[in-house]
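Q: See work.txt below, with compact mmCIF, C-alpha atoms (C1' of nucleotides).
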# COMPACT_ATOMS: atom_id res chain seq x y z
CA MET A 9 -9.35 18.88 27.89
CA THR A 10 -5.93 18.42 26.50
CA THR A 11 -5.92 17.65 22.84
CA ASP A 12 -2.87 15.47 23.09
CA ALA A 13 -3.10 12.16 21.30
CA GLY A 14 -2.88 10.14 24.47
CA ALA A 15 0.22 8.04 24.86
CA PRO A 16 -0.28 4.29 24.97
CA ARG A 17 0.26 3.07 28.46
CA ASN A 18 2.91 0.60 29.25
CA THR A 19 0.96 -2.31 30.63
CA HIS A 20 1.95 -5.79 31.62
CA GLN A 21 -0.31 -7.36 29.00
CA ARG A 22 0.95 -5.25 26.15
CA ARG A 23 4.48 -6.22 26.97
CA ALA A 24 3.50 -9.88 27.26
CA VAL A 25 2.09 -9.94 23.75
CA SER A 26 5.07 -8.08 22.38
CA THR A 27 7.49 -10.42 24.12
CA LEU A 28 5.66 -13.48 22.92
CA LEU A 29 5.77 -12.28 19.35
CA GLY A 30 9.47 -11.84 19.74
CA SER A 31 10.01 -15.39 20.92
CA VAL A 32 7.94 -17.39 18.48
CA GLU A 33 8.61 -18.12 14.86
CA GLY A 34 6.26 -18.04 11.96
CA PHE A 35 2.72 -16.83 11.78
CA HIS A 36 0.13 -17.41 14.45
CA SER A 37 -3.49 -16.53 14.82
CA ALA A 38 -4.71 -14.29 17.59
CA GLN A 39 -6.32 -17.24 19.28
CA GLU A 40 -3.14 -19.27 19.08
CA LEU A 41 -1.20 -16.44 20.66
CA HIS A 42 -3.80 -16.18 23.36
CA SER A 43 -3.44 -19.88 24.14
CA MET A 44 0.34 -19.56 24.26
CA LEU A 45 0.07 -16.73 26.74
CA ARG A 46 -2.16 -18.84 28.92
CA ASP A 47 0.35 -21.69 28.76
CA ARG A 48 3.01 -19.27 29.88
CA GLY A 49 0.90 -18.37 32.85
CA GLU A 50 0.27 -14.88 31.60
CA ARG A 51 -3.22 -13.74 32.33
CA VAL A 52 -4.31 -11.85 29.25
CA GLY A 53 -7.80 -11.70 27.83
CA LEU A 54 -8.56 -12.60 24.27
CA THR A 55 -9.98 -9.16 23.70
CA THR A 56 -6.76 -7.55 24.75
CA VAL A 57 -4.78 -9.82 22.48
CA TYR A 58 -6.87 -8.68 19.55
CA ARG A 59 -6.60 -5.05 20.53
CA THR A 60 -2.89 -5.21 21.10
CA LEU A 61 -2.28 -6.97 17.83
CA GLN A 62 -4.33 -4.36 16.06
CA GLY A 63 -2.36 -1.60 17.68
CA LEU A 64 0.94 -3.20 16.79
CA ALA A 65 -0.23 -3.72 13.25
CA ASP A 66 -1.25 -0.08 12.98
CA ALA A 67 2.13 0.93 14.31
CA GLY A 68 3.74 -1.22 11.65
CA GLU A 69 5.51 -3.39 14.18
CA ILE A 70 3.93 -6.64 13.07
CA ASP A 71 2.82 -8.22 9.84
CA VAL A 72 -0.70 -9.37 9.19
CA MET A 73 -1.39 -12.10 6.70
CA ARG A 74 -4.84 -13.22 5.67
CA PRO A 75 -4.66 -16.64 4.08
CA PRO A 76 -7.54 -17.84 1.89
CA GLY A 77 -8.52 -20.26 4.63
CA GLY A 78 -9.85 -17.65 6.99
CA GLU A 79 -8.37 -16.29 10.15
CA HIS A 80 -5.79 -13.57 10.31
CA LEU A 81 -2.23 -14.48 11.13
CA TYR A 82 0.20 -12.21 12.89
CA ARG A 83 3.94 -12.14 13.01
CA ARG A 84 6.62 -9.89 14.30
CA CYS A 85 7.67 -7.75 11.45
CA SER A 86 11.30 -8.09 10.72
CA GLU A 87 13.14 -5.00 9.69
CA GLY A 88 12.57 -3.90 6.21
CA HIS A 89 9.67 -4.76 4.05
CA HIS A 90 9.30 -8.28 2.83
CA HIS A 91 6.71 -10.76 1.68
CA HIS A 92 6.02 -14.40 2.19
CA LEU A 93 6.02 -17.57 0.24
CA VAL A 94 3.60 -19.95 1.91
CA CYS A 95 3.12 -23.67 1.36
CA ARG A 96 -0.51 -24.60 0.97
CA SER A 97 -0.05 -27.98 2.62
CA CYS A 98 2.42 -27.72 5.46
CA GLY A 99 2.08 -23.98 6.03
CA SER A 100 5.79 -23.36 6.12
CA THR A 101 6.74 -19.85 5.20
CA VAL A 102 9.76 -18.41 3.48
CA GLU A 103 10.58 -14.75 3.63
CA VAL A 104 11.25 -13.18 0.30
CA GLU A 105 12.30 -9.73 -0.67
CA GLY A 106 11.57 -7.88 -3.83
CA PRO A 107 12.82 -4.33 -3.88
CA ALA A 108 11.79 -4.08 -7.50
CA VAL A 109 8.24 -5.01 -6.58
CA GLU A 110 8.06 -2.39 -3.84
CA HIS A 111 9.31 0.21 -6.19
CA TRP A 112 6.92 -0.86 -8.91
CA ALA A 113 3.92 -0.77 -6.58
CA ASP A 114 4.72 2.72 -5.35
CA ARG A 115 5.33 3.98 -8.81
CA VAL A 116 2.10 2.56 -10.19
CA ALA A 117 0.08 3.98 -7.31
CA GLU A 118 1.58 7.42 -7.67
CA LYS A 119 0.99 7.37 -11.37
CA HIS A 120 -2.70 7.03 -10.60
CA GLY A 121 -2.65 9.81 -8.05
CA PHE A 122 -2.76 7.59 -4.99
CA THR A 123 -1.03 8.58 -1.79
CA ASP A 124 -0.28 6.85 1.48
CA VAL A 125 0.38 3.69 -0.44
CA SER A 126 0.75 0.25 1.04
CA HIS A 127 0.47 -3.14 -0.51
CA THR A 128 0.17 -6.79 0.30
CA LEU A 129 1.79 -9.56 -1.66
CA GLU A 130 1.59 -13.21 -0.85
CA ILE A 131 2.80 -16.13 -2.90
CA PHE A 132 1.16 -19.50 -2.43
CA GLY A 133 2.42 -22.81 -3.69
CA THR A 134 3.24 -26.38 -2.84
CA CYS A 135 6.68 -26.92 -1.42
CA ARG A 136 8.98 -29.74 -2.45
CA ASP A 137 8.19 -31.87 0.59
CA CYS A 138 4.47 -31.66 0.02
CA GLY A 139 4.59 -31.95 -3.74
CA MET B 28 -21.71 -45.80 -6.57
CA THR B 29 -20.80 -44.18 -9.74
CA THR B 30 -17.47 -42.57 -9.29
CA ASP B 31 -18.14 -39.97 -11.89
CA ALA B 32 -17.37 -36.44 -10.91
CA GLY B 33 -20.92 -35.29 -11.43
CA ALA B 34 -21.45 -32.84 -14.21
CA PRO B 35 -22.65 -29.40 -13.09
CA ARG B 36 -26.16 -28.81 -14.18
CA ASN B 37 -27.16 -25.84 -16.17
CA THR B 38 -29.64 -24.14 -13.91
CA HIS B 39 -31.42 -20.87 -14.13
CA GLN B 40 -29.81 -19.55 -10.96
CA ARG B 41 -26.31 -20.40 -11.96
CA ARG B 42 -26.75 -18.58 -15.19
CA ALA B 43 -28.29 -15.61 -13.40
CA VAL B 44 -25.22 -15.18 -11.22
CA SER B 45 -22.89 -15.59 -14.13
CA THR B 46 -24.83 -13.11 -16.23
CA LEU B 47 -24.94 -10.59 -13.42
CA LEU B 48 -21.20 -10.78 -12.96
CA GLY B 49 -20.82 -10.09 -16.64
CA SER B 50 -22.93 -6.97 -16.51
CA VAL B 51 -21.58 -5.19 -13.44
CA GLU B 52 -18.30 -3.43 -12.98
CA GLY B 53 -15.95 -3.54 -10.09
CA PHE B 54 -15.97 -5.75 -7.08
CA HIS B 55 -19.08 -6.70 -5.18
CA SER B 56 -19.74 -8.78 -2.12
CA ALA B 57 -21.84 -11.89 -2.24
CA GLN B 58 -24.60 -10.12 -0.39
CA GLU B 59 -24.52 -7.19 -2.77
CA LEU B 60 -24.83 -9.53 -5.70
CA HIS B 61 -27.68 -11.26 -3.99
CA SER B 62 -29.50 -7.96 -3.57
CA MET B 63 -28.91 -7.06 -7.19
CA LEU B 64 -30.42 -10.34 -8.29
CA ARG B 65 -33.47 -9.63 -6.20
CA ASP B 66 -33.77 -6.19 -7.76
CA ARG B 67 -33.67 -7.81 -11.13
CA GLY B 68 -36.53 -10.00 -10.12
CA GLU B 69 -34.39 -13.11 -10.10
CA ARG B 70 -35.31 -15.43 -7.32
CA VAL B 71 -32.00 -16.80 -6.05
CA GLY B 72 -31.20 -17.77 -2.49
CA LEU B 73 -28.24 -16.29 -0.68
CA THR B 74 -26.87 -19.76 -0.07
CA THR B 75 -26.89 -20.48 -3.75
CA VAL B 76 -25.13 -17.24 -4.52
CA TYR B 77 -22.33 -18.20 -2.18
CA ARG B 78 -22.10 -21.69 -3.59
CA THR B 79 -22.10 -20.49 -7.17
CA LEU B 80 -19.45 -17.88 -6.48
CA GLN B 81 -17.32 -20.51 -4.80
CA GLY B 82 -17.70 -22.78 -7.77
CA LEU B 83 -16.80 -20.03 -10.20
CA ALA B 84 -13.82 -19.07 -8.11
CA ASP B 85 -12.61 -22.66 -8.04
CA ALA B 86 -13.00 -22.81 -11.78
CA GLY B 87 -10.91 -19.66 -12.05
CA GLU B 88 -13.66 -17.76 -13.78
CA ILE B 89 -13.86 -15.00 -11.19
CA ASP B 90 -11.48 -13.12 -8.97
CA VAL B 91 -11.77 -13.04 -5.22
CA MET B 92 -10.38 -10.14 -3.26
CA ARG B 93 -10.37 -9.95 0.52
CA PRO B 94 -9.90 -6.38 1.66
CA PRO B 95 -8.72 -5.66 5.20
CA GLY B 96 -12.25 -4.59 6.03
CA GLY B 97 -13.75 -8.01 6.05
CA GLU B 98 -16.06 -9.48 3.46
CA HIS B 99 -14.95 -11.15 0.32
CA LEU B 100 -15.43 -9.34 -2.95
CA TYR B 101 -15.99 -11.08 -6.23
CA ARG B 102 -15.48 -9.95 -9.76
CA ARG B 103 -15.56 -11.47 -13.17
CA CYS B 104 -12.01 -12.33 -13.98
CA SER B 105 -10.86 -10.55 -17.05
CA GLU B 106 -8.51 -12.34 -19.34
CA GLY B 107 -4.96 -12.28 -18.32
CA HIS B 108 -3.64 -11.85 -14.85
CA HIS B 109 -3.80 -8.48 -13.20
CA HIS B 110 -3.94 -6.82 -9.83
CA HIS B 111 -5.82 -4.00 -8.25
CA LEU B 112 -5.16 -0.61 -6.84
CA VAL B 113 -7.88 0.14 -4.32
CA CYS B 114 -8.78 3.41 -2.66
CA ARG B 115 -9.26 3.05 1.08
CA SER B 116 -11.93 5.72 1.20
CA CYS B 117 -14.13 5.54 -1.85
CA GLY B 118 -13.35 1.95 -2.78
CA SER B 119 -12.69 2.70 -6.41
CA THR B 120 -10.44 0.20 -8.09
CA VAL B 121 -7.94 0.53 -10.84
CA GLU B 122 -6.67 -2.46 -12.72
CA VAL B 123 -2.93 -2.63 -12.98
CA GLU B 124 -0.66 -5.06 -14.73
CA GLY B 125 2.83 -6.00 -13.85
CA PRO B 126 4.33 -8.68 -16.01
CA ALA B 127 7.62 -8.21 -14.23
CA VAL B 128 5.98 -8.94 -10.92
CA GLU B 129 4.36 -12.10 -12.20
CA HIS B 130 7.63 -13.28 -13.51
CA TRP B 131 9.44 -12.39 -10.34
CA ALA B 132 6.94 -14.24 -8.16
CA ASP B 133 7.15 -17.41 -10.22
CA ARG B 134 10.89 -17.27 -10.29
CA VAL B 135 11.21 -16.78 -6.55
CA ALA B 136 8.79 -19.61 -5.83
CA GLU B 137 10.55 -22.01 -8.12
CA LYS B 138 13.89 -21.10 -6.65
CA HIS B 139 12.57 -22.35 -3.33
CA GLY B 140 11.21 -25.55 -4.82
CA PHE B 141 7.58 -24.51 -4.83
CA THR B 142 5.22 -25.70 -7.51
CA ASP B 143 1.67 -24.86 -8.51
CA VAL B 144 2.39 -21.27 -7.72
CA SER B 145 -0.17 -18.52 -7.40
CA HIS B 146 -0.02 -15.16 -5.78
CA THR B 147 -2.12 -12.27 -4.62
CA LEU B 148 -1.07 -8.65 -4.82
CA GLU B 149 -3.17 -5.75 -3.75
CA ILE B 150 -2.17 -2.12 -3.52
CA PHE B 151 -4.03 0.15 -1.15
CA GLY B 152 -3.90 3.89 -1.01
CA THR B 153 -5.86 7.09 -0.93
CA CYS B 154 -6.91 8.37 -4.31
CA ARG B 155 -6.64 11.99 -5.35
CA ASP B 156 -10.31 12.72 -4.76
CA CYS B 157 -10.22 11.38 -1.22
CA GLY B 158 -6.83 12.77 -0.34
C1' DG C 8 4.33 8.39 48.72
C1' DC C 9 -0.59 9.21 47.78
C1' DC C 10 -4.69 10.70 44.79
C1' DG C 11 -7.54 11.34 41.22
C1' DA C 12 -8.41 11.13 36.33
C1' DC C 13 -8.57 8.43 32.52
C1' DA C 14 -7.16 4.94 29.60
C1' DA C 15 -6.77 -0.21 29.51
C1' DT C 16 -8.56 -4.57 30.61
C1' DG C 17 -11.54 -8.60 30.17
C1' DA C 18 -15.73 -11.60 30.44
C1' DA C 19 -19.72 -11.97 28.20
C1' DA C 20 -22.75 -10.73 24.68
C1' DT C 21 -23.16 -9.22 19.95
C1' DT C 22 -22.21 -8.86 15.33
C1' DG C 23 -21.93 -10.43 10.68
C1' DA C 24 -20.27 -13.06 7.05
C1' DT C 25 -19.99 -17.71 5.65
C1' DT C 26 -21.19 -22.67 5.86
C1' DG C 27 -24.02 -26.86 7.03
C1' DT C 28 -28.50 -29.19 7.01
C1' DC C 29 -32.17 -31.39 4.77
C1' DA C 30 -36.74 -31.55 2.63
C1' DA C 31 -38.64 -30.02 -1.68
C1' DA C 32 -38.04 -28.92 -6.53
C1' DA C 33 -35.86 -28.91 -10.91
C1' DA C 34 -32.77 -30.84 -14.59
C1' DC C 35 -30.92 -34.48 -17.19
C1' DG C 36 -30.91 -39.07 -19.52
C1' DC C 37 -33.65 -42.53 -21.27
C1' DG D 6 -43.25 -38.55 -19.53
C1' DC D 7 -40.49 -41.12 -15.60
C1' DG D 8 -37.20 -41.91 -12.32
C1' DT D 9 -32.89 -40.63 -10.47
C1' DT D 10 -29.67 -37.42 -8.90
C1' DT D 11 -28.26 -32.95 -8.31
C1' DT D 12 -29.44 -28.42 -6.90
C1' DT D 13 -31.84 -25.27 -4.46
C1' DG D 14 -33.03 -22.39 -0.47
C1' DA D 15 -34.93 -21.22 4.23
C1' DC D 16 -33.14 -21.69 8.56
C1' DA D 17 -29.85 -22.85 11.99
C1' DA D 18 -25.19 -23.22 13.23
C1' DT D 19 -20.44 -21.71 13.29
C1' DC D 20 -16.63 -18.97 14.17
C1' DA D 21 -13.60 -15.17 14.21
C1' DA D 22 -13.73 -10.59 15.46
C1' DT D 23 -15.73 -6.62 17.74
C1' DT D 24 -18.42 -4.04 21.10
C1' DT D 25 -20.00 -3.17 25.70
C1' DC D 26 -19.36 -1.68 30.17
C1' DA D 27 -18.04 -2.17 34.92
C1' DT D 28 -13.64 -2.83 37.07
C1' DT D 29 -8.70 -2.36 37.38
C1' DG D 30 -4.16 -0.44 36.75
C1' DT D 31 -1.12 3.59 35.09
C1' DC D 32 0.35 7.86 34.84
C1' DG D 33 1.18 12.52 36.31
C1' DG D 34 0.73 15.89 39.71
C1' DC D 35 0.89 17.18 44.41
Could you render the structure from this file as structure tokens?

A:
Amino acid sequence: MTTDAGAPRNTHQRRAVSTLLGSVEGFHSAQELHSMLRDRGERVGLTTVYRTLQGLADAGEIDVMRPPGGEHLYRRCSEGHHHHLVCRSCGSTVEVEGPAVEHWADRVAEKHGFTDVSHTLEIFGTCRDCG
Amino acid sequence: MTTDAGAPRNTHQRRAVSTLLGSVEGFHSAQELHSMLRDRGERVGLTTVYRTLQGLADAGEIDVMRPPGGEHLYRRCSEGHHHHLVCRSCGSTVEVEGPAVEHWADRVAEKHGFTDVSHTLEIFGTCRDCG
DNA sequence: GCCGACAATGAAATTGATTGTCAAAAACGC
DNA sequence: GCGTTTTTGACAATCAATTTCATTGTCGGC
């Protein structure tokens, strides 16, 4: 039995999810993405969508956001690390960057002896249109 | 047809939950809190625990954290605004403060025309003991 | 180009936390 | 104390997410 990690196989479905994420904007739930794939005529099971999204998230290729409302939202991760400013009413999102925040988070974690540090930061508010 | 908002009544159960939150440390799930109440001999239904926690959260008296794992965790909100550094393995939490981050978040949100701004920031890592 | 091993898929069933329902009980005002 | 209204709580319902497991498709070797 080879102890190799097992390379992920290049399947039609995996590519479909990846391609879809590259063509849509904003955050979408797994179920939304599944519906979109069906509309496109792609035959991908909901289970596979979840699994693929999980894999991509683990690989750091997509962002996962968990709004207070409930279901997880996924989005293609743009290069670099960034966070999101989300409107509570219309759901529009604005990408924001905060190098100082990243640095601060890492520094604080290391100060407490934590390694393999990651963090999530989400800003919620009411945008001008919805105010 | 009184349009009054309905004053919350001061019930035994509500006080039990509130008291419990004041006496425990760290974050606990609703079901954990429910079990603790039972251990204490308090007779409170799980439904009521959820409702009470929701009410307290709405009132801003407790913090709600939603770790990647799944269930919501509640904690008595200490004065002032702070965030948490959570170990992925042992679950221990460290309170951290970052006035600069607060300020940055508000400033960014306002710059984009957002009002009624709030934010969530959680740092995950592996603590020294679990590393 | 073909075969066999083994991971990936997907439909259905399961899980598990959270929420809704509604009759019974308790709290508040008078 | 009495009546009204809120609150409670056991149970059912909901819903996203995961697991299961037989089938299918890929990959690597021949």

Q: Output as a list in words the set of chain D residues within 10 Å of chain B, with distances taken over only C-alpha atoms (C1' of nucleotides).

A: DT10, DT11, DT12, DT13, DG14, DA15 and DA22 of chain D

Q: Just the residues within 12 Å of DA12 in chain C, please, counting all atoms listed in the file, with nothing from its chain fewer than 6 positions along; format it as an MDAnalysis selection string.

A: (chainID A and resid 9) or (chainID D and resid 31:34)

Q: With a cut-off of 12 Å and counting only C-alpha atoms, select all residues of chain A in contact with chain B and give the selection as a PyMOL selection string.

A: chain A and resi 62+65+72-80+91-98+100-139

Q: What does the distance between CA of Leu100 in chain B and CA of Val57 in chain A come to in Å, to one decimal place?

A: 27.6 Å

Q: If you measure from CA of Leu29 in chain A to CA of Gly49 in chain A, what distance in Å do you get, rounded to one decimal?

A: 15.6 Å

Q: First superpose chain B onto chain A using a least-squares fit over all Cα atoms taken in order; then report the RMSD in Å.

A: 0.6 Å

Q: Go through D:DC26, D:DA21, D:DC35, D:DC16 and flag the residue nearest DG27 in chain C, using only C-alpha atoms (C1' of nucleotides) for the distances.

A: D:DC16

Q: Which residues of chain C come within 9 Å of chain A, and for each one, what is the closest pair of atoms and their distance in Å to one decimal, counting all atoms listed in the file, sorted by chain and residue number, as a Markdown table?

A:
| residue | atom | partner | partner_atom | distance |
| --- | --- | --- | --- | --- |
| C:DA14 | C1' | A:Arg17 | CA | 7.7 |
| C:DA15 | C1' | A:Arg17 | CA | 7.8 |
| C:DT16 | C1' | A:Thr56 | CA | 6.8 |
| C:DG17 | C1' | A:Gly53 | CA | 5.4 |
| C:DA18 | C1' | A:Gly53 | CA | 8.3 |

Q: Put those residues in a file: C-alpha atoms (C1' of nucleotides), as a compact mmCIF listing (two decimals), keeping the file's coordinate frame.

A:
# COMPACT_ATOMS: atom_id res chain seq x y z
C1' DA C 14 -7.16 4.94 29.60
C1' DA C 15 -6.77 -0.21 29.51
C1' DT C 16 -8.56 -4.57 30.61
C1' DG C 17 -11.54 -8.60 30.17
C1' DA C 18 -15.73 -11.60 30.44

Q: How many Å separate CA of Asp71 in chain A from CA of Glu50 in chain A?

A: 22.9 Å

Q: For DG36 in chain C, work out the shell of residues within 10 Å, counting only C-alpha atoms (C1' of nucleotides) and skipping chain neighbours fewer than 2 positions away, then give it as a ChimeraX atom specification.

A: /C:34 /D:8-9
